[in-house]
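Student: Input: one structure, supplied below.
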Amino acid sequence: MTLKAAGRGLIPPFIVMDVMRAAAERAAAGHDVLHLEVGQPSTGAPRKAVEAAKRALDADPLGYTLAFGLDRLRERIAEHYRASYQVAVDPANVVVTTGSSGAFVLSFLAAFEAGDRVGLASPGYPAYRNILASIGVEPVLIPVGPASGFQPTVDILKARGERLDGLILASPSNPTGSMVSPTALAALSDWCTAEGVRLISDEIYHGLTYEQTAATAAGRGGAVVINSFSKYFSMTGWRLGWMVLPDDLLRSVECLGQNLFISPPTLSQHAAIAVFDCLDELDANVARYARNREILLAELPSAGFERLAPADGAFYLYADVSRWTDNSLAFCRRMLEETGVACTPGVDFDPFEGHRHLRLSFAGATEDMIEAARRLKAWRK
């Protein structure tokens, strides 16, 4: 007898993980690899955060916390909004999660019913649409490009004229690094409120900006704000994130969190309390990313990578490679084999035009960016 298997897991893979495996296999075979595929900081957690974790190991039994996390961490996050955005956030509305991934799962389950329709930009982070699809919510891809700064706009949404129950907005975005201005964010938030659309604001790359400051949706109507300790705070493997929730979702998220996760990782929470005292160290990381960005923006056009998304924030360049290929997966595979430079094919992020694009991360060492640019210029001659 054949046993039944659920179809909800039959969603597309996260291809960047396959690229990482291929890069690891190349390195294991004795060949060098320049890692421009990895969407994470190349630095570890700041010193004071690590020291706080060590103290907690000695002094705390590290049992479960409440489902919403340690009160002191929730207070520190609320203080962060006052200091960074001049926005008053009640710690009671802050929910600590198992990474931003846990936050997406909890917020999608709490905000949307099976059969609902949620809009999101394409290109965009693939886990949005794959998580939505796995819980029976329809992801509605909104193609965006240079004309709209790779972000949805109120005019685009009005022109489409279709029913949406939710809208996911990411600023800065993965993979393009594009951002939504404060004025545009206000307009999109007002449109969502008027149309009865739940706004989910992905702000996990806040702090990683270069020519403008990111605006938050915290406190805007019924918006859900999601952030993470993985990017600016350089705590990727600690698997910790947070949400700022409107009142109407607090109880449902609490019940879901209790049952799905019990609580976020306790040791990581102790470290995260201290990470807000490490801004000088973290800003030094951002300065290095800015230098890496300058190098690639200056050098890649000489290698033929001339059509690049804005890269206003995050640590990615999204490049149009249609002059060479309409198969970005094969192109990235060949690039790795022939140059040792690993990057991510655009098909991960965009089912419409991703076969003509790739993403390069500049989160690594500056010398790696210089060497990657040199190799790519030699390769494309």
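Letters for chains follow the order of the structure tokens (A, B, ...), residue numbers begin at 1 for each chain, and ligand numbers begin at 1 in the order shown.
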If we count only C-alpha atoms, what is near A:Gly364 at a cut-off of 8 Å, once residues fewer than 5 positions away on the same chain are taken out, given as a ChimeraX atom specification?

Tutor: /A:35-36,41-42,289,369

Student: Excluding A:Leu250 and residues on its chain fewer than 2 positions from it, collect all residues at most 12 Å away from it, counting only C-alpha atoms, and give them as an mmCIF file with N, CA and C atoms, in the first residue's frame.

Tutor:
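Writing done, so here's out01.cif:
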data_model
loop_
_atom_site.group_PDB
_atom_site.id
_atom_site.type_symbol
_atom_site.label_atom_id
_atom_site.label_comp_id
_atom_site.auth_asym_id
_atom_site.auth_seq_id
_atom_site.Cartn_x
_atom_site.Cartn_y
_atom_site.Cartn_z
ATOM 1 N N ALA A 67 6.519 32.644 25.020
ATOM 2 C CA ALA A 67 6.446 32.527 23.563
ATOM 3 C C ALA A 67 6.870 33.801 22.857
ATOM 4 N N PHE A 68 6.637 34.951 23.487
ATOM 5 C CA PHE A 68 6.991 36.227 22.868
ATOM 6 C C PHE A 68 8.432 36.634 23.153
ATOM 7 N N PRO A 91 6.582 47.716 24.006
ATOM 8 C CA PRO A 91 7.203 46.393 24.077
ATOM 9 C C PRO A 91 6.191 45.247 24.037
ATOM 10 N N ALA A 92 4.958 45.517 24.459
ATOM 11 C CA ALA A 92 3.932 44.478 24.423
ATOM 12 C C ALA A 92 3.593 44.053 23.004
ATOM 13 N N ASN A 93 3.909 44.890 22.028
ATOM 14 C CA ASN A 93 3.641 44.575 20.627
ATOM 15 C C ASN A 93 4.850 43.991 19.917
ATOM 16 N N VAL A 94 5.943 43.789 20.640
ATOM 17 C CA VAL A 94 7.154 43.202 20.077
ATOM 18 C C VAL A 94 7.152 41.704 20.356
ATOM 19 N N VAL A 95 7.354 40.925 19.316
ATOM 20 C CA VAL A 95 7.365 39.467 19.430
ATOM 21 C C VAL A 95 8.701 38.958 18.910
ATOM 22 N N LEU A 106 4.624 32.719 11.185
ATOM 23 C CA LEU A 106 3.620 33.118 12.163
ATOM 24 C C LEU A 106 2.704 34.221 11.630
ATOM 25 N N SER A 107 3.289 35.221 10.987
ATOM 26 C CA SER A 107 2.468 36.341 10.511
ATOM 27 C C SER A 107 1.551 35.901 9.376
ATOM 28 N N ALA A 110 -1.294 33.880 10.863
ATOM 29 C CA ALA A 110 -2.214 34.685 11.662
ATOM 30 C C ALA A 110 -3.033 35.655 10.820
ATOM 31 N N ALA A 111 -2.454 36.156 9.738
ATOM 32 C CA ALA A 111 -3.102 37.227 8.975
ATOM 33 C C ALA A 111 -3.963 36.726 7.820
ATOM 34 N N GLY A 222 -2.601 48.632 10.514
ATOM 35 C CA GLY A 222 -2.518 47.216 10.840
ATOM 36 C C GLY A 222 -1.292 46.541 10.291
ATOM 37 N N VAL A 224 2.251 44.726 9.790
ATOM 38 C CA VAL A 224 3.137 43.816 10.506
ATOM 39 C C VAL A 224 4.556 44.125 10.059
ATOM 40 N N MET A 243 9.081 40.620 15.429
ATOM 41 C CA MET A 243 7.970 41.297 14.770
ATOM 42 C C MET A 243 7.479 42.438 15.640
ATOM 43 N N VAL A 244 6.970 43.476 15.003
ATOM 44 C CA VAL A 244 6.142 44.466 15.675
ATOM 45 C C VAL A 244 4.729 44.255 15.142
ATOM 46 N N LEU A 245 3.837 43.845 16.032
ATOM 47 C CA LEU A 245 2.501 43.427 15.619
ATOM 48 C C LEU A 245 1.438 44.454 16.002
ATOM 49 N N PRO A 246 0.391 44.577 15.192
ATOM 50 C CA PRO A 246 -0.781 45.325 15.630
ATOM 51 C C PRO A 246 -1.543 44.510 16.675
ATOM 52 N N ASP A 247 -2.365 45.193 17.454
ATOM 53 C CA ASP A 247 -3.061 44.524 18.552
ATOM 54 C C ASP A 247 -3.909 43.348 18.093
ATOM 55 N N ASP A 248 -4.515 43.458 16.916
ATOM 56 C CA ASP A 248 -5.478 42.433 16.510
ATOM 57 C C ASP A 248 -4.842 41.087 16.168
ATOM 58 N N SER A 252 -3.458 35.647 18.423
ATOM 59 C CA SER A 252 -3.347 34.521 17.496
ATOM 60 C C SER A 252 -1.888 34.151 17.265
ATOM 61 N N VAL A 253 -1.001 35.150 17.169
ATOM 62 C CA VAL A 253 0.428 34.846 17.010
ATOM 63 C C VAL A 253 0.968 34.170 18.262
ATOM 64 N N GLU A 254 0.495 34.593 19.429
ATOM 65 C CA GLU A 254 0.955 33.961 20.661
ATOM 66 C C GLU A 254 0.569 32.482 20.697
ATOM 67 N N CYS A 255 -0.681 32.182 20.348
ATOM 68 C CA CYS A 255 -1.130 30.784 20.357
ATOM 69 C C CYS A 255 -0.381 29.964 19.311
ATOM 70 N N LEU A 256 -0.192 30.521 18.135
ATOM 71 C CA LEU A 256 0.566 29.812 17.092
ATOM 72 C C LEU A 256 2.006 29.582 17.518
ATOM 73 N N GLY A 257 2.622 30.618 18.083
ATOM 74 C CA GLY A 257 4.011 30.493 18.510
ATOM 75 C C GLY A 257 4.195 29.465 19.598
#

Student: Could you tell me, as an MDAnalysis selection string, which residues of stretch 61-186 of chain A DSSP assigns to strand (DSSP E) when given the backbone?

Tutor: chainID A and resid 94:97 117:122 138:143 166:170

Student: Excluding same-chain residues fewer than 4 positions from A:Phe315, what lies within 8 Å of it counting only C-alpha atoms, as a PyMOL selection string?

Tutor: chain A and resi 39+177+208+289+293+311+361-363

Student: Between atom CA of A:Tyr205 and atom CA of A:Cys278, what is the spacing in Å?

Tutor: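 Taking atom CA of A:Cys278 as the start and atom CA of A:Tyr205 as the end point, the length is 17.0 Å.
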